[in-house]
Amino acid sequence: DYTPKEAVEYGQVVDLITRIGVAASDIAANEQGQLHVSGVFQLDKDGSEIALGAALYYDKSSDQITTTAEGHTPAGYAAAPVAAGTGTVLVKLLG
């Protein structure tokens, strides 16, 4: 269960400091809702190429997945390879 200070939309990534969650439905501000913290989700990514199994991180400032660890929240690993320039990646959450 998760209670956000601001409204969260279905499918939105939520930074949980040591990992991420994905909103299971719309959650109103200050109302309890649920986040997925395991599973595979298609999330927006930066423009880099990503290999199968690569460690992935969440860049809160750009709201994208990246392979750069420094300053970003651990997200999981790539469940499929992705070419450079592709806008999304399948992320297996840390769970």
# chains A, B, ... in the order shown; residues from 1 in each chain; ligands from 1
$ residues_around --residues "Gly11 of chain A" --least-positions-apart "3" --cutoff "12 Å" --atoms "only C-alpha atoms" --output "MDAnalysis selection string"
chainID A and resid 8 14 20:27 34:37 40:44
$ residues_around --residues "Val89 of chain A" --least-positions-apart "3" --cutoff "12 Å" --atoms "only C-alpha atoms" --output "PyMOL selection string"
chain A and resi 40-58+64-67+75-86+92-93
$ select_by_dssp --residues "segment 12-75 of chain A" --states "strand (DSSP E or B)" --output "list in words"
Val13, Val14, Asp15, Ile20, Gly21, Val22, Ala23, Ile27, Gly33, Leu35, His36, Val40, Phe41, Gln42, Leu43, Asp44, Lys45, Ile50, Ala55, Leu56, Tyr57, Tyr58, Asp59, Gln64, Ile65, Thr66, Thr73, Pro74 and Ala75 of chain A
$ atom_distance --atom1 "atom CA of Gly87 of chain A" --atom2 "atom CA of Ala7 of chain A"
24.6 Å
$ closest_residue --among "A:Ala29, A:Arg19, A:Glu9, A:Tyr2" --to "Lys60 of chain A" --atoms "only C-alpha atoms"
A:Arg19
$ atom_distance --atom1 "atom CA of Ala69 of chain A" --atom2 "atom CA of Lys5 of chain A"
26.3 Å
$ atom_distance --atom1 "atom CA of Ser61 of chain A" --atom2 "atom CA of Gln12 of chain A"
13.9 Å
$ closest_residue --among "A:Gly95, A:Thr18, A:Asp1, A:Asp63" --to "Gly33 of chain A" --atoms "only C-alpha atoms"
A:Asp1
